[in-house]
$ cat start26.cif   # mmCIF, C-alpha atoms
data_protein
#
loop_
_atom_site.group_PDB
_atom_site.id
_atom_site.type_symbol
_atom_site.label_atom_id
_atom_site.label_comp_id
_atom_site.auth_asym_id
_atom_site.auth_seq_id
_atom_site.Cartn_x
_atom_site.Cartn_y
_atom_site.Cartn_z
ATOM 1 C CA MET R 29 0.000 0.000 0.000
ATOM 2 C CA ILE R 30 2.794 2.436 0.972
ATOM 3 C CA GLU R 31 4.774 1.585 -2.155
ATOM 4 C CA ASN R 32 1.682 2.139 -4.319
ATOM 5 C CA LEU R 33 1.023 5.511 -2.710
ATOM 6 C CA LYS R 34 4.663 6.524 -3.121
ATOM 7 C CA ALA R 35 4.586 5.587 -6.808
ATOM 8 C CA PHE R 36 1.353 7.561 -7.276
ATOM 9 C CA LEU R 37 2.777 10.663 -5.568
ATOM 10 C CA GLU R 38 6.088 10.418 -7.442
ATOM 11 C CA GLU R 39 4.133 10.378 -10.686
ATOM 12 C CA LYS R 40 2.234 13.521 -9.677
ATOM 13 C CA VAL R 41 5.427 15.282 -8.520
ATOM 14 C CA ALA R 42 6.930 14.623 -11.940
ATOM 15 C CA PHE R 43 3.787 15.999 -13.568
ATOM 16 C CA TYR R 44 3.476 19.220 -11.537
ATOM 17 C CA ASN R 45 7.085 20.093 -10.625
ATOM 18 C CA ASN R 46 7.914 21.999 -13.808
ATOM 19 C CA PRO R 47 7.806 25.584 -15.123
ATOM 20 C CA ASP R 48 4.136 25.264 -16.111
ATOM 21 C CA PHE R 49 3.351 25.214 -12.379
ATOM 22 C CA ILE R 50 4.689 28.757 -12.081
ATOM 23 C CA LEU R 51 2.197 30.452 -14.370
ATOM 24 C CA LEU R 52 -0.771 30.534 -11.982
ATOM 25 C CA ASP R 53 1.132 30.404 -8.686
ATOM 26 C CA PRO R 54 2.504 33.195 -6.436
ATOM 27 C CA VAL R 55 5.995 31.742 -6.993
ATOM 28 C CA SER R 56 5.746 33.438 -10.397
ATOM 29 C CA ILE R 57 6.492 36.771 -8.695
ATOM 30 C CA PRO R 58 10.047 36.016 -7.506
ATOM 31 C CA HIS R 59 10.633 34.295 -10.870
ATOM 32 C CA ARG R 60 10.450 37.744 -12.451
ATOM 33 C CA PHE R 61 13.878 38.466 -10.962
ATOM 34 C CA SER R 62 17.406 37.077 -11.223
ATOM 35 C CA LYS R 63 19.197 38.952 -8.419
ATOM 36 C CA LYS R 64 19.283 36.907 -5.221
ATOM 37 C CA GLN R 65 18.021 39.687 -2.954
ATOM 38 C CA ASP R 66 15.196 40.580 -5.356
ATOM 39 C CA ILE R 67 14.113 36.933 -5.366
ATOM 40 C CA GLU R 68 14.155 36.851 -1.554
ATOM 41 C CA ILE R 69 12.157 40.048 -1.107
ATOM 42 C CA ALA R 70 9.635 39.297 -3.853
ATOM 43 C CA GLY R 71 9.297 35.734 -2.586
ATOM 44 C CA PHE R 72 8.828 36.820 1.008
ATOM 45 C CA PHE R 73 6.029 39.246 0.174
ATOM 46 C CA SER R 74 4.410 36.754 -2.227
ATOM 47 C CA ALA R 75 4.359 34.040 0.421
ATOM 48 C CA ILE R 76 3.063 36.328 3.170
ATOM 49 C CA LEU R 77 0.251 37.580 0.916
ATOM 50 C CA ALA R 78 -0.626 34.078 -0.302
ATOM 51 C CA TRP R 79 -4.135 33.632 0.927
ATOM 52 C CA GLY R 80 -7.305 33.916 -1.100
ATOM 53 C CA GLN R 81 -7.632 33.405 -4.855
ATOM 54 C CA ARG R 82 -4.308 32.877 -6.591
ATOM 55 C CA LYS R 83 -5.141 35.377 -9.351
ATOM 56 C CA THR R 84 -5.832 38.075 -6.769
ATOM 57 C CA ILE R 85 -2.665 37.212 -4.832
ATOM 58 C CA ILE R 86 -0.554 37.517 -7.975
ATOM 59 C CA ASN R 87 -2.159 40.831 -8.951
ATOM 60 C CA LYS R 88 -1.581 42.316 -5.507
ATOM 61 C CA CYS R 89 2.044 41.152 -5.535
ATOM 62 C CA LEU R 90 2.568 42.680 -8.963
ATOM 63 C CA GLU R 91 1.103 45.914 -7.636
ATOM 64 C CA LEU R 92 3.527 45.829 -4.719
ATOM 65 C CA MET R 93 6.521 45.152 -6.975
ATOM 66 C CA GLU R 94 5.469 48.041 -9.218
ATOM 67 C CA MET R 95 5.480 50.334 -6.173
ATOM 68 C CA MET R 96 9.096 49.259 -5.658
ATOM 69 C CA ASP R 97 9.914 50.123 -9.280
ATOM 70 C CA ASN R 98 10.276 46.379 -9.993
ATOM 71 C CA ALA R 99 13.660 46.522 -8.272
ATOM 72 C CA PRO R 100 12.782 45.555 -4.674
ATOM 73 C CA HIS R 101 16.312 45.288 -3.255
ATOM 74 C CA ASP R 102 17.375 48.635 -4.694
ATOM 75 C CA PHE R 103 14.164 50.201 -3.426
ATOM 76 C CA ILE R 104 14.579 48.683 0.045
ATOM 77 C CA LEU R 105 18.107 50.102 0.323
ATOM 78 C CA ASN R 106 17.697 53.490 -1.305
ATOM 79 C CA HIS R 107 14.122 54.757 -0.995
ATOM 80 C CA ALA R 108 13.399 58.162 0.498
ATOM 81 C CA GLU R 109 10.565 58.723 2.956
ATOM 82 C CA ASN R 110 8.509 60.357 0.220
ATOM 83 C CA ASP R 111 8.729 57.156 -1.827
ATOM 84 C CA LEU R 112 6.652 55.358 0.798
ATOM 85 C CA LYS R 113 3.476 57.383 0.205
ATOM 86 C CA PRO R 114 1.992 55.029 -2.429
ATOM 87 C CA PHE R 115 2.121 52.171 0.090
ATOM 88 C CA LEU R 116 -0.425 53.992 2.253
ATOM 89 C CA LYS R 117 -3.022 52.765 -0.257
ATOM 90 C CA PHE R 118 -1.889 49.148 -0.352
ATOM 91 C CA LYS R 119 -4.194 46.498 1.078
ATOM 92 C CA HIS R 120 -4.717 42.766 0.634
ATOM 93 C CA ARG R 121 -7.382 41.243 2.841
ATOM 94 C CA THR R 122 -6.235 42.051 6.403
ATOM 95 C CA PHE R 123 -2.706 43.058 5.331
ATOM 96 C CA ASN R 124 -2.839 46.848 5.210
ATOM 97 C CA ASP R 125 -0.618 49.933 4.915
ATOM 98 C CA ILE R 126 0.594 49.689 8.531
ATOM 99 C CA ASP R 127 1.752 46.124 7.937
ATOM 100 C CA THR R 128 3.331 46.959 4.585
ATOM 101 C CA LEU R 129 5.289 49.899 5.982
ATOM 102 C CA TYR R 130 6.634 47.833 8.869
ATOM 103 C CA PHE R 131 7.719 45.042 6.524
ATOM 104 C CA LEU R 132 9.541 47.628 4.422
ATOM 105 C CA HIS R 133 11.082 49.130 7.564
ATOM 106 C CA PHE R 134 12.357 45.744 8.741
ATOM 107 C CA LEU R 135 13.733 44.777 5.328
ATOM 108 C CA SER R 136 15.433 48.145 4.895
ATOM 109 C CA ALA R 137 17.173 47.938 8.272
ATOM 110 C CA PHE R 138 18.060 44.295 7.699
ATOM 111 C CA TYR R 139 19.521 44.546 4.200
ATOM 112 C CA LYS R 140 21.618 47.570 5.141
ATOM 113 C CA LYS R 141 23.514 45.220 7.470
ATOM 114 C CA ASN R 142 23.114 41.797 5.822
ATOM 115 C CA GLU R 143 23.530 40.323 2.368
ATOM 116 C CA SER R 144 20.775 37.712 2.482
ATOM 117 C CA LEU R 145 17.469 37.126 4.273
ATOM 118 C CA GLU R 146 18.729 33.593 4.875
ATOM 119 C CA ILE R 147 20.598 34.968 7.901
ATOM 120 C CA ALA R 148 17.313 35.977 9.543
ATOM 121 C CA PHE R 149 15.813 32.511 9.026
ATOM 122 C CA THR R 150 18.776 30.485 10.294
ATOM 123 C CA LYS R 151 19.364 31.960 13.735
ATOM 124 C CA GLY R 152 19.957 28.991 16.051
ATOM 125 C CA TYR R 153 20.350 26.541 13.175
ATOM 126 C CA SER R 154 21.410 22.961 13.872
ATOM 127 C CA GLU R 155 21.370 19.741 11.849
ATOM 128 C CA ASP R 156 18.485 18.332 13.922
ATOM 129 C CA LYS R 157 15.714 17.229 11.549
ATOM 130 C CA ASN R 158 13.177 19.027 13.776
ATOM 131 C CA VAL R 159 15.034 22.349 13.830
ATOM 132 C CA MET R 160 12.315 24.237 11.944
ATOM 133 C CA TYR R 161 10.261 24.663 15.113
ATOM 134 C CA ASP R 162 13.029 26.728 16.677
ATOM 135 C CA LEU R 163 13.992 28.536 13.478
ATOM 136 C CA LEU R 164 10.468 29.817 12.849
ATOM 137 C CA ILE R 165 10.107 30.978 16.449
ATOM 138 C CA ASN R 166 13.506 32.691 16.309
ATOM 139 C CA PHE R 167 12.686 34.405 13.005
ATOM 140 C CA ARG R 168 9.432 35.838 14.300
ATOM 141 C CA GLN R 169 11.084 37.135 17.455
ATOM 142 C CA PHE R 170 13.834 38.711 15.363
ATOM 143 C CA PHE R 171 11.373 40.205 12.882
ATOM 144 C CA PHE R 172 9.390 41.988 15.591
ATOM 145 C CA ASN R 173 12.304 42.881 17.885
ATOM 146 C CA ASP R 174 11.851 46.556 17.158
ATOM 147 C CA PRO R 175 10.100 49.271 19.179
ATOM 148 C CA LEU R 176 8.373 50.369 15.966
ATOM 149 C CA ALA R 177 6.757 46.961 15.401
ATOM 150 C CA PRO R 178 2.941 47.402 15.346
ATOM 151 C CA ARG R 179 1.118 44.858 17.462
ATOM 152 C CA ARG R 180 -1.433 44.258 14.716
ATOM 153 C CA THR R 181 1.299 43.207 12.257
ATOM 154 C CA THR R 182 2.432 40.245 14.377
ATOM 155 C CA LYS R 183 -0.528 38.202 13.098
ATOM 156 C CA HIS R 184 1.033 38.122 9.637
ATOM 157 C CA ILE R 185 4.059 36.074 10.705
ATOM 158 C CA ALA R 186 2.850 32.738 12.057
ATOM 159 C CA THR R 187 4.716 30.831 14.750
ATOM 160 C CA PRO R 188 4.630 27.194 15.860
ATOM 161 C CA ALA R 189 4.816 28.514 19.423
ATOM 162 C CA ARG R 190 1.108 29.305 18.953
ATOM 163 C CA LYS R 191 0.509 25.955 17.234
ATOM 164 C CA ALA R 192 0.074 27.544 13.798
ATOM 165 C CA ALA R 193 0.765 25.363 10.767
ATOM 166 C CA CYS R 194 2.884 28.248 9.364
ATOM 167 C CA LYS R 195 1.849 27.465 5.794
ATOM 168 C CA ARG R 196 3.117 30.679 4.193
ATOM 169 C CA ILE R 197 6.530 30.656 5.845
ATOM 170 C CA ASN R 198 7.017 26.964 5.092
ATOM 171 C CA MET R 199 6.098 27.637 1.474
ATOM 172 C CA PHE R 200 8.605 30.485 1.264
ATOM 173 C CA LEU R 201 11.296 28.259 2.732
ATOM 174 C CA ARG R 202 10.487 25.572 0.167
ATOM 175 C CA TRP R 203 11.053 28.117 -2.593
ATOM 176 C CA MET R 204 14.361 29.304 -1.150
ATOM 177 C CA VAL R 205 15.838 25.939 -0.061
ATOM 178 C CA ARG R 206 14.754 23.197 -2.498
ATOM 179 C CA ASN R 207 16.959 22.848 -5.559
ATOM 180 C CA ASP R 208 16.164 20.106 -8.047
ATOM 181 C CA ASP R 209 16.808 22.000 -11.292
ATOM 182 C CA ASN R 210 13.153 21.667 -12.304
ATOM 183 C CA GLY R 211 12.712 25.413 -12.536
ATOM 184 C CA VAL R 212 10.143 26.048 -9.793
ATOM 185 C CA ASP R 213 11.990 26.276 -6.456
ATOM 186 C CA PHE R 214 15.130 28.426 -6.394
ATOM 187 C CA GLY R 215 17.537 26.599 -4.075
ATOM 188 C CA ILE R 216 19.497 29.792 -3.333
ATOM 189 C CA TRP R 217 19.778 29.122 0.415
ATOM 190 C CA LYS R 218 22.280 26.479 1.469
ATOM 191 C CA THR R 219 22.174 26.358 5.289
ATOM 192 C CA ILE R 220 18.838 24.596 5.790
ATOM 193 C CA ASN R 221 18.734 21.098 4.340
ATOM 194 C CA PRO R 222 15.690 20.149 2.207
ATOM 195 C CA SER R 223 15.232 17.154 4.531
ATOM 196 C CA GLN R 224 14.463 19.605 7.366
ATOM 197 C CA LEU R 225 11.693 21.498 5.595
ATOM 198 C CA ILE R 226 8.079 21.202 6.759
ATOM 199 C CA CYS R 227 5.361 20.679 4.167
ATOM 200 C CA PRO R 228 3.136 23.748 3.675
ATOM 201 C CA CYS R 229 -0.294 22.679 4.840
ATOM 202 C CA ASP R 230 -2.808 24.771 2.914
ATOM 203 C CA VAL R 231 -6.444 23.816 2.355
ATOM 204 C CA HIS R 232 -5.747 21.865 -0.858
ATOM 205 C CA VAL R 233 -2.793 19.930 0.577
ATOM 206 C CA ASP R 234 -4.686 19.286 3.807
ATOM 207 C CA ARG R 235 -7.760 17.936 2.001
ATOM 208 C CA VAL R 236 -5.846 15.607 -0.319
ATOM 209 C CA ALA R 237 -3.462 14.414 2.412
ATOM 210 C CA ARG R 238 -6.399 13.434 4.599
ATOM 211 C CA LYS R 239 -8.025 11.461 1.791
ATOM 212 C CA LEU R 240 -4.743 9.633 1.241
ATOM 213 C CA GLY R 241 -4.381 8.848 4.951
ATOM 214 C CA LEU R 242 -1.310 11.052 5.400
ATOM 215 C CA ILE R 243 -3.046 13.163 8.071
ATOM 216 C CA THR R 244 -5.141 11.796 10.936
ATOM 217 C CA ARG R 245 -5.353 14.824 13.255
ATOM 218 C CA LYS R 246 -8.763 16.480 13.258
ATOM 219 C CA GLN R 247 -7.468 20.061 13.370
ATOM 220 C CA THR R 248 -4.917 21.695 11.108
ATOM 221 C CA ASP R 249 -2.038 23.073 13.151
ATOM 222 C CA TRP R 250 1.732 22.736 13.597
ATOM 223 C CA LEU R 251 1.464 19.115 14.721
ATOM 224 C CA THR R 252 -0.611 18.374 11.634
ATOM 225 C CA ALA R 253 2.126 19.797 9.418
ATOM 226 C CA ILE R 254 4.649 17.674 11.333
ATOM 227 C CA GLU R 255 2.506 14.544 10.967
ATOM 228 C CA LEU R 256 2.186 15.103 7.230
ATOM 229 C CA THR R 257 5.915 15.774 6.818
ATOM 230 C CA GLU R 258 6.891 12.702 8.834
ATOM 231 C CA ASN R 259 4.685 10.550 6.616
ATOM 232 C CA LEU R 260 6.203 12.108 3.494
ATOM 233 C CA ARG R 261 9.685 11.393 4.857
ATOM 234 C CA LYS R 262 8.811 7.700 4.651
ATOM 235 C CA PHE R 263 8.706 8.160 0.866
ATOM 236 C CA ASP R 264 11.762 10.418 0.581
ATOM 237 C CA ALA R 265 13.683 11.287 3.746
ATOM 238 C CA ASP R 266 16.017 13.641 1.868
ATOM 239 C CA ASP R 267 13.325 15.724 0.180
ATOM 240 C CA PRO R 268 9.880 15.150 1.713
ATOM 241 C CA VAL R 269 8.465 18.532 0.724
ATOM 242 C CA LYS R 270 8.711 17.780 -2.997
ATOM 243 C CA TYR R 271 5.379 15.992 -2.500
ATOM 244 C CA ASP R 272 3.810 19.395 -1.872
ATOM 245 C CA PHE R 273 3.625 19.639 -5.670
ATOM 246 C CA ALA R 274 1.639 16.403 -5.886
ATOM 247 C CA LEU R 275 -0.755 17.160 -3.028
ATOM 248 C CA PHE R 276 -1.358 20.771 -4.051
ATOM 249 C CA GLY R 277 -1.699 19.919 -7.726
ATOM 250 C CA LEU R 278 -4.177 17.156 -7.003
ATOM 251 C CA GLY R 279 -6.184 19.505 -4.789
ATOM 252 C CA VAL R 280 -6.337 22.374 -7.275
ATOM 253 C CA GLU R 281 -6.466 20.646 -10.649
ATOM 254 C CA GLU R 282 -7.981 17.227 -10.186
ATOM 255 C CA ARG R 283 -10.739 15.320 -8.472
ATOM 256 C CA LEU R 284 -9.406 12.771 -6.027
#
$ encode --input "start26.cif" --output "structure tokens"
Amino acid sequence: MIENLKAFLEEKVAFYNNPDFILLDPVSIPHRFSKKQDIEIAGFFSAILAWGQRKTIINKCLELMEMMDNAPHDFILNHAENDLKPFLKFKHRTFNDIDTLYFLHFLSAFYKKNESLEIAFTKGYSEDKNVMYDLLINFRQFFFNDPLAPRRTTKHIATPARKAACKRINMFLRWMVRNDDNGVDFGIWKTINPSQLICPCDVHVDRVARKLGLITRKQTDWLTAIELTENLRKFDADDPVKYDFALFGLGVEERL
């Protein structure tokens, strides 16, 4: 049974893990860039804004990139205060101008001292396969360790400390860490091992994984994401999150 399920999922990974996947997915936004820092910034915003209809998500991300002159790293480093005025009108669902301005503030301060956002996501890194719990907690604490951090904005960075599944952050990390030369994920971060990634547990993945018996927990939270990932590691311990393509693709495109 396990071997049959693995073969089925491998087939679907092969089908979905290719450049065609990009066209209707938020990962298309960072794929507009070639500079590492542009990819990181565009990817980070695209992942954080990734809830709702994918077409709307992509349009809002394109709007945001346009506000940064389609050169996010240069904008982050060199914008003047007056350049921030257009962002006062930006809104996507509950992510508003206050949130946007703080994200820009954090990224500006960070990139003026650091070359890559990878540094912010690997504080306290170890080779333990379960290190992501600590890394996500550490990142959130670092991100909001600023007297200017608005309380309302904290809801936009999930943490396993509050039992959240952390779907958006896990998706962003998949983009940055996985590298299989298939043209979807970027693989530009080298500290975190793909074997340590946690599968993003969105509604499509959750639904399909439950039907396939990969999730048994009733709720969808951090432990659910761990349960799913542990089951996927039985199929490929080195790269369990590649099956995100299969589960998501099945949920969006096909009837299971």
$ residues_around --input "start26.cif" --residues "Tyr44 in chain R" --least-positions-apart "4" --cutoff "9 Å" --atoms "all atoms listed in the file" --output "PyMOL selection string"
chain R and resi 39-40+48-49+273-274+277
$ axis_aligned_box --input "start26.cif" --around "range 209-228 of chain R" --padding-each-side "4 Å" --output "JSON"
{"center_x": 12.7, "center_y": 23.5, "center_z": -2.6, "size_x": 27.1, "size_y": 20.6, "size_z": 27.9}
$ resolve_selection --input "start26.cif" --expression "the PyMOL selection byres ((chain R and resi 215) around 12)" --output "compact mmCIF listing (two decimals) with C-alpha atoms, in the coordinates of the input"
# COMPACT_ATOMS: atom_id res chain seq x y z
CA LYS R 64 19.28 36.91 -5.22
CA ILE R 67 14.11 36.93 -5.37
CA GLU R 68 14.16 36.85 -1.55
CA GLU R 146 18.73 33.59 4.88
CA PHE R 200 8.60 30.48 1.26
CA LEU R 201 11.30 28.26 2.73
CA ARG R 202 10.49 25.57 0.17
CA TRP R 203 11.05 28.12 -2.59
CA MET R 204 14.36 29.30 -1.15
CA VAL R 205 15.84 25.94 -0.06
CA ARG R 206 14.75 23.20 -2.50
CA ASN R 207 16.96 22.85 -5.56
CA ASP R 208 16.16 20.11 -8.05
CA ASP R 209 16.81 22.00 -11.29
CA ASN R 210 13.15 21.67 -12.30
CA GLY R 211 12.71 25.41 -12.54
CA VAL R 212 10.14 26.05 -9.79
CA ASP R 213 11.99 26.28 -6.46
CA PHE R 214 15.13 28.43 -6.39
CA ILE R 216 19.50 29.79 -3.33
CA TRP R 217 19.78 29.12 0.42
CA LYS R 218 22.28 26.48 1.47
CA THR R 219 22.17 26.36 5.29
CA ILE R 220 18.84 24.60 5.79
CA ASN R 221 18.73 21.10 4.34
CA PRO R 222 15.69 20.15 2.21
$ closest_residue --input "start26.cif" --among "R:Lys119, R:Arg235, R:Arg245, R:Lys88" --to "Ala75 in chain R" --atoms "all atoms listed in the file"
R:Lys88
$ atom_distance --input "start26.cif" --atom1 "CA of Ala99 in chain R" --atom2 "CA of Lys113 in chain R"
17.1 Å
$ residues_around --input "start26.cif" --residues "range 180-189 of chain R" --least-positions-apart "4" --cutoff "6 Å" --atoms "only C-alpha atoms" --output "number ranges by chain"
R: 127, 165, 194, 250
$ write_last_selection --input "start26.cif" --atoms "C-alpha atoms" --output "mmCIF file, keeping the file's coordinate frame"
data_model
loop_
_atom_site.group_PDB
_atom_site.id
_atom_site.type_symbol
_atom_site.label_atom_id
_atom_site.label_comp_id
_atom_site.auth_asym_id
_atom_site.auth_seq_id
_atom_site.Cartn_x
_atom_site.Cartn_y
_atom_site.Cartn_z
ATOM 1 C CA ASP R 127 1.752 46.124 7.937
ATOM 2 C CA ILE R 165 10.107 30.978 16.449
ATOM 3 C CA CYS R 194 2.884 28.248 9.364
ATOM 4 C CA TRP R 250 1.732 22.736 13.597
#
$ resolve_selection --input "start26.cif" --expression "the PyMOL selection byres ((chain R and resi 90) around 12)" --output "VMD selection string"
chain R and resid 54 to 60 70 to 71 73 to 74 77 83 to 89 91 to 100 118
$ atom_distance --input "start26.cif" --atom1 "CA of Glu281 in chain R" --atom2 "CA of Gln81 in chain R"
14.1 Å
$ atom_distance --input "start26.cif" --atom1 "CA of Ala78 in chain R" --atom2 "CA of Phe123 in chain R"
10.8 Å
$ residues_around --input "start26.cif" --residues "Leu275 in chain R" --least-positions-apart "4" --cutoff "9 Å" --atoms "all atoms listed in the file" --output "MDAnalysis selection string"
chainID R and resid 37 40:41 232:237 271 279:280
$ resolve_selection --input "start26.cif" --expression "the PyMOL selection byres ((chain R and resi 140) around 12)" --output "list of chain:residue names"
R:Gln65, R:His101, R:Asp102, R:Phe103, R:Ile104, R:Leu105, R:Asn106, R:His133, R:Phe134, R:Leu135, R:Ser136, R:Ala137, R:Phe138, R:Tyr139, R:Lys141, R:Asn142, R:Glu143, R:Ser144, R:Leu145
$ decode --input "start26.cif" --residues "range 85-106 of chain R" --atoms "N, CA and C atoms" --output "PDB file, in the first residue's frame"
ATOM      1  N   ILE R  85      -3.967  37.167  -5.500  1.00  0.00           N
ATOM      2  CA  ILE R  85      -2.665  37.212  -4.832  1.00  0.00           C
ATOM      3  C   ILE R  85      -1.593  37.715  -5.798  1.00  0.00           C
ATOM      4  N   ILE R  86      -1.565  37.135  -6.985  1.00  0.00           N
ATOM      5  CA  ILE R  86      -0.554  37.517  -7.975  1.00  0.00           C
ATOM      6  C   ILE R  86      -0.704  38.988  -8.368  1.00  0.00           C
ATOM      7  N   ASN R  87      -1.931  39.433  -8.576  1.00  0.00           N
ATOM      8  CA  ASN R  87      -2.159  40.831  -8.951  1.00  0.00           C
ATOM      9  C   ASN R  87      -1.717  41.791  -7.857  1.00  0.00           C
ATOM     10  N   LYS R  88      -1.989  41.447  -6.613  1.00  0.00           N
ATOM     11  CA  LYS R  88      -1.581  42.316  -5.507  1.00  0.00           C
ATOM     12  C   LYS R  88      -0.055  42.348  -5.362  1.00  0.00           C
ATOM     13  N   CYS R  89       0.579  41.198  -5.603  1.00  0.00           N
ATOM     14  CA  CYS R  89       2.044  41.152  -5.535  1.00  0.00           C
ATOM     15  C   CYS R  89       2.669  41.956  -6.664  1.00  0.00           C
ATOM     16  N   LEU R  90       2.082  41.880  -7.847  1.00  0.00           N
ATOM     17  CA  LEU R  90       2.568  42.680  -8.963  1.00  0.00           C
ATOM     18  C   LEU R  90       2.429  44.168  -8.666  1.00  0.00           C
ATOM     19  N   GLU R  91       1.320  44.522  -8.041  1.00  0.00           N
ATOM     20  CA  GLU R  91       1.103  45.914  -7.636  1.00  0.00           C
ATOM     21  C   GLU R  91       2.193  46.368  -6.665  1.00  0.00           C
ATOM     22  N   LEU R  92       2.512  45.504  -5.720  1.00  0.00           N
ATOM     23  CA  LEU R  92       3.527  45.829  -4.719  1.00  0.00           C
ATOM     24  C   LEU R  92       4.902  45.972  -5.366  1.00  0.00           C
ATOM     25  N   MET R  93       5.229  45.065  -6.286  1.00  0.00           N
ATOM     26  CA  MET R  93       6.521  45.152  -6.975  1.00  0.00           C
ATOM     27  C   MET R  93       6.605  46.427  -7.813  1.00  0.00           C
ATOM     28  N   GLU R  94       5.500  46.811  -8.433  1.00  0.00           N
ATOM     29  CA  GLU R  94       5.469  48.041  -9.218  1.00  0.00           C
ATOM     30  C   GLU R  94       5.750  49.256  -8.340  1.00  0.00           C
ATOM     31  N   MET R  95       5.222  49.247  -7.120  1.00  0.00           N
ATOM     32  CA  MET R  95       5.480  50.334  -6.173  1.00  0.00           C
ATOM     33  C   MET R  95       6.961  50.419  -5.795  1.00  0.00           C
ATOM     34  N   MET R  96       7.649  49.288  -5.931  1.00  0.00           N
ATOM     35  CA  MET R  96       9.096  49.259  -5.658  1.00  0.00           C
ATOM     36  C   MET R  96       9.893  49.385  -6.954  1.00  0.00           C
ATOM     37  N   ASP R  97       9.255  49.903  -7.987  1.00  0.00           N
ATOM     38  CA  ASP R  97       9.914  50.123  -9.280  1.00  0.00           C
ATOM     39  C   ASP R  97      10.446  48.826  -9.883  1.00  0.00           C
ATOM     40  N   ASN R  98       9.846  47.698  -9.511  1.00  0.00           N
ATOM     41  CA  ASN R  98      10.276  46.379  -9.993  1.00  0.00           C
ATOM     42  C   ASN R  98      11.764  46.137  -9.771  1.00  0.00           C
ATOM     43  N   ALA R  99      12.265  46.727  -8.694  1.00  0.00           N
ATOM     44  CA  ALA R  99      13.660  46.522  -8.272  1.00  0.00           C
ATOM     45  C   ALA R  99      13.649  46.538  -6.741  1.00  0.00           C
ATOM     46  N   PRO R 100      13.055  45.498  -6.115  1.00  0.00           N
ATOM     47  CA  PRO R 100      12.782  45.555  -4.674  1.00  0.00           C
ATOM     48  C   PRO R 100      14.023  45.771  -3.799  1.00  0.00           C
ATOM     49  N   HIS R 101      15.129  45.125  -4.106  1.00  0.00           N
ATOM     50  CA  HIS R 101      16.312  45.288  -3.255  1.00  0.00           C
ATOM     51  C   HIS R 101      16.843  46.713  -3.335  1.00  0.00           C
ATOM     52  N   ASP R 102      16.931  47.253  -4.533  1.00  0.00           N
ATOM     53  CA  ASP R 102      17.375  48.635  -4.694  1.00  0.00           C
ATOM     54  C   ASP R 102      16.430  49.596  -3.977  1.00  0.00           C
ATOM     55  N   PHE R 103      15.133  49.337  -4.104  1.00  0.00           N
ATOM     56  CA  PHE R 103      14.164  50.201  -3.426  1.00  0.00           C
ATOM     57  C   PHE R 103      14.317  50.112  -1.909  1.00  0.00           C
ATOM     58  N   ILE R 104      14.444  48.899  -1.392  1.00  0.00           N
ATOM     59  CA  ILE R 104      14.579  48.683   0.045  1.00  0.00           C
ATOM     60  C   ILE R 104      15.775  49.461   0.593  1.00  0.00           C
ATOM     61  N   LEU R 105      16.873  49.460  -0.153  1.00  0.00           N
ATOM     62  CA  LEU R 105      18.107  50.102   0.323  1.00  0.00           C
ATOM     63  C   LEU R 105      18.109  51.613   0.145  1.00  0.00           C
ATOM     64  N   ASN R 106      17.458  52.101  -0.902  1.00  0.00           N
ATOM     65  CA  ASN R 106      17.697  53.490  -1.305  1.00  0.00           C
ATOM     66  C   ASN R 106      16.474  54.393  -1.327  1.00  0.00           C
TER      67      ASN R 106
END
